[in-house]
Every structure is written in structure tokens, then in C-alpha cells.
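For reference, the structure discussed in these notes is given below.
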Amino acid sequence: MGRLVNRTSPRVPNPVNPAEDFADRWSDPASQKHDLEAKFWKWLRQAQTDFDAIGNERKPELIVEAAESKLGATLNAKDLGAKLGLGPTSGLLKPAVVPAGLSFPDKPLVPQKPAGFA
């Protein structure tokens, strides 16, 4: 995420409408007292730390515990192990498999107004 922040405006351009800046309040005088940019970077560092910790864990019970304490997500260790194909004695998660030939079309996105807006 940090790589998506520009040094100049737009700081965080909307990928569908690059003229829109998701971080426009970072430079808004009325928002300066909230130090939004510094809080964003602090949040990002913590999110990276939390995701790294969960991603490096291999025991379903500890993944469940970390997901709940760090992300507020409720998981079930038994269901998690079953969905990941873990046997009762393996205790380790299998690496994710990325389908071969995964690609995205190279066509421009044309922004449209949301339904219900004039």
C-alpha cells in the first residue's frame, strides 16, 4: 500500500478516477490537527506487522488466536484446518496455490456514476 502513495497531488489516486485523491484531507488545513498522514503510516506499519505474524504462523489454533486479537476476525481452528486440507497430526498449513496462467485483461477502466446519483 505504501508504494501507492505519491509525493505530490494526487497523493493516493483513485484507480478508477485518477483525478480523485483518496488522501485529499492530508493537506486540508481543517484536518491538520488530526495528523492524518502520520496516522496512516503508523496504521500501515502495524497492519504489515500483524499480517506478517499471521502469515508466518503454521498452527491453525494460533492463526485463529492472532486473527481475532489483531484483526477482530472470528475463525474456527477445526474448520480452518479442514478447509486447508490439514490432517489431525500435520499441524502445518500448506502454501497457497496460484492458478497457472492467471491474467487480467488489458483494457482501460471507464468510471461511471454510482446508481442513484444524477
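Lettering and numbering for the C-alpha cells are positional, with chains as A, B, ... in the shown order, residues counted from 1 in each chain, and ligands counted from 1 in the shown order.
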
Residue neighbourhood Lys70 in chain A, 10 Å, only C-alpha atoms, exclusion window fewer than 4 positions, as a PyMOL selection string
chain A and resi 46-47+49-51+53-54+65-66

**Report entry** Contacts of Phe40 in chain A within 10 Å, only C-alpha atoms, excl. fewer than 5 positions in-chain, as a list in words
**Finding:** Gly2, Ala23, Trp26, Asp35, Arg45 and Gln46 of chain A

Could you list, as a VMD selection string, every residue within 9 Å of Val110 in chain A, counting only C-alpha atoms and ignoring same-chain residues fewer than 2 positions away?
chain A and resid 16 to 17 108 112

Could those selected residues go to a file with N, CA and C atoms, as a JSON list (two decimals), in the first residue's frame?
[["chain", "number", "residue", "atom", "x", "y", "z"],
["A", 16, "VAL", "N", -9.82, 4.18, -10.45],
["A", 16, "VAL", "CA", -10.89, 4.30, -11.45],
["A", 16, "VAL", "C", -11.01, 5.73, -11.94],
["A", 17, "ASN", "N", -10.72, 6.69, -11.06],
["A", 17, "ASN", "CA", -10.80, 8.11, -11.42],
["A", 17, "ASN", "C", -9.55, 8.79, -10.85],
["A", 108, "PRO", "N", -8.83, -0.35, -20.45],
["A", 108, "PRO", "CA", -8.99, 0.76, -19.52],
["A", 108, "PRO", "C", -10.31, 0.69, -18.76],
["A", 112, "GLN", "N", -17.85, 5.31, -13.89],
["A", 112, "GLN", "CA", -19.27, 5.60, -14.08],
["A", 112, "GLN", "C", -19.83, 6.11, -12.77]]

Pairwise distance for CA of Phe22 in chain A and CA of Thr8 in chain A, rounded to one decimal in Å =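 Interatomic distance here is 12.8 Å.
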
Set the distance at 12 Å and use only C-alpha atoms: which residues neighbour Glu37 in chain A once local chain neighbours fewer than 6 positions away are removed? I'd like the list as a PyMOL selection string. chain A and resi 2+5+7+11-12+22-28+31+43-44

Could you please take those selected residues and save N, CA, C and O atoms as a PDB file, in the first residue's frame?
ATOM      1  N   GLY A   2       1.924   1.223   0.715  1.00  0.00           N
ATOM      2  CA  GLY A   2       2.761   2.407   0.808  1.00  0.00           C
ATOM      3  C   GLY A   2       3.303   2.850  -0.540  1.00  0.00           C
ATOM      4  O   GLY A   2       3.522   4.036  -0.772  1.00  0.00           O
ATOM      5  N   VAL A   5       1.305   5.563  -2.568  1.00  0.00           N
ATOM      6  CA  VAL A   5       1.246   6.957  -2.118  1.00  0.00           C
ATOM      7  C   VAL A   5       2.277   7.777  -2.901  1.00  0.00           C
ATOM      8  O   VAL A   5       3.463   7.467  -2.891  1.00  0.00           O
ATOM      9  N   ARG A   7       4.319  11.414  -3.865  1.00  0.00           N
ATOM     10  CA  ARG A   7       4.889  12.556  -3.142  1.00  0.00           C
ATOM     11  C   ARG A   7       4.115  13.848  -3.427  1.00  0.00           C
ATOM     12  O   ARG A   7       4.150  14.767  -2.638  1.00  0.00           O
ATOM     13  N   ARG A  11      -2.068  12.383  -3.964  1.00  0.00           N
ATOM     14  CA  ARG A  11      -1.199  11.538  -3.138  1.00  0.00           C
ATOM     15  C   ARG A  11      -1.590  10.065  -3.251  1.00  0.00           C
ATOM     16  O   ARG A  11      -0.743   9.193  -3.342  1.00  0.00           O
ATOM     17  N   VAL A  12      -2.917   9.792  -3.174  1.00  0.00           N
ATOM     18  CA  VAL A  12      -3.418   8.427  -3.326  1.00  0.00           C
ATOM     19  C   VAL A  12      -4.540   8.472  -4.359  1.00  0.00           C
ATOM     20  O   VAL A  12      -5.711   8.624  -4.019  1.00  0.00           O
ATOM     21  N   PHE A  22      -7.711  10.053  -2.759  1.00  0.00           N
ATOM     22  CA  PHE A  22      -8.233   9.462  -1.527  1.00  0.00           C
ATOM     23  C   PHE A  22      -7.602  10.078  -0.278  1.00  0.00           C
ATOM     24  O   PHE A  22      -8.121   9.932   0.821  1.00  0.00           O
ATOM     25  N   ALA A  23      -6.480  10.767  -0.441  1.00  0.00           N
ATOM     26  CA  ALA A  23      -5.787  11.369   0.699  1.00  0.00           C
ATOM     27  C   ALA A  23      -5.885  12.888   0.673  1.00  0.00           C
ATOM     28  O   ALA A  23      -5.037  13.579   1.232  1.00  0.00           O
ATOM     29  N   ASP A  24      -6.932  13.429   0.083  1.00  0.00           N
ATOM     30  CA  ASP A  24      -7.039  14.889  -0.040  1.00  0.00           C
ATOM     31  C   ASP A  24      -7.103  15.602   1.308  1.00  0.00           C
ATOM     32  O   ASP A  24      -6.678  16.739   1.431  1.00  0.00           O
ATOM     33  N   ARG A  25      -7.556  14.915   2.333  1.00  0.00           N
ATOM     34  CA  ARG A  25      -7.645  15.562   3.653  1.00  0.00           C
ATOM     35  C   ARG A  25      -6.293  15.658   4.356  1.00  0.00           C
ATOM     36  O   ARG A  25      -6.165  16.368   5.350  1.00  0.00           O
ATOM     37  N   TRP A  26      -5.288  14.939   3.857  1.00  0.00           N
ATOM     38  CA  TRP A  26      -3.969  15.026   4.470  1.00  0.00           C
ATOM     39  C   TRP A  26      -3.438  16.447   4.402  1.00  0.00           C
ATOM     40  O   TRP A  26      -2.718  16.882   5.296  1.00  0.00           O
ATOM     41  N   SER A  27      -3.796  17.180   3.354  1.00  0.00           N
ATOM     42  CA  SER A  27      -3.296  18.547   3.195  1.00  0.00           C
ATOM     43  C   SER A  27      -4.364  19.595   3.465  1.00  0.00           C
ATOM     44  O   SER A  27      -4.115  20.784   3.316  1.00  0.00           O
ATOM     45  N   ASP A  28      -5.532  19.179   3.886  1.00  0.00           N
ATOM     46  CA  ASP A  28      -6.625  20.100   4.195  1.00  0.00           C
ATOM     47  C   ASP A  28      -6.325  20.803   5.521  1.00  0.00           C
ATOM     48  O   ASP A  28      -6.135  20.143   6.541  1.00  0.00           O
ATOM     49  N   SER A  31      -8.028  19.681   8.622  1.00  0.00           N
ATOM     50  CA  SER A  31      -7.692  18.348   9.135  1.00  0.00           C
ATOM     51  C   SER A  31      -6.276  18.248   9.678  1.00  0.00           C
ATOM     52  O   SER A  31      -5.885  17.193  10.183  1.00  0.00           O
ATOM     53  N   TRP A  43      -0.593   3.201  11.044  1.00  0.00           N
ATOM     54  CA  TRP A  43      -1.533   2.098  10.843  1.00  0.00           C
ATOM     55  C   TRP A  43      -0.959   1.084   9.859  1.00  0.00           C
ATOM     56  O   TRP A  43      -1.029  -0.128  10.085  1.00  0.00           O
ATOM     57  N   LEU A  44      -0.377   1.553   8.758  1.00  0.00           N
ATOM     58  CA  LEU A  44       0.171   0.665   7.738  1.00  0.00           C
ATOM     59  C   LEU A  44       1.299  -0.206   8.303  1.00  0.00           C
ATOM     60  O   LEU A  44       1.347  -1.411   8.057  1.00  0.00           O
TER      61      LEU A  44
END

- Item | Point-to-point distance in Å for CA of Arg58 in chain A and CA of Lys78 in chain A |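 Taking CA of Lys78 in chain A and CA of Arg58 in chain A, their separation equals 13.6 Å.
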
Would you mind telling me which residue in A:Ser69, A:Met1, A:Asp79, A:Pro18 lies nearest to Pro111 in chain A when using only C-alpha atoms?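 For Pro111 in chain A, the nearest of the given residues is A:Pro18.
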
What's the separation between CA of Glu57 in chain A and CA of Gly72 in chain A, in Å to one decimal place?
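Spanning CA of Glu57 in chain A to CA of Gly72 in chain A is a straight-line distance of 16.9 Å.
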
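In this comparison, which uses only C-alpha atoms, the residue of A:Pro105, A:Gln48, A:Ala100, A:Ala77 approaching Leu62 in chain A most closely is A:Ala77.
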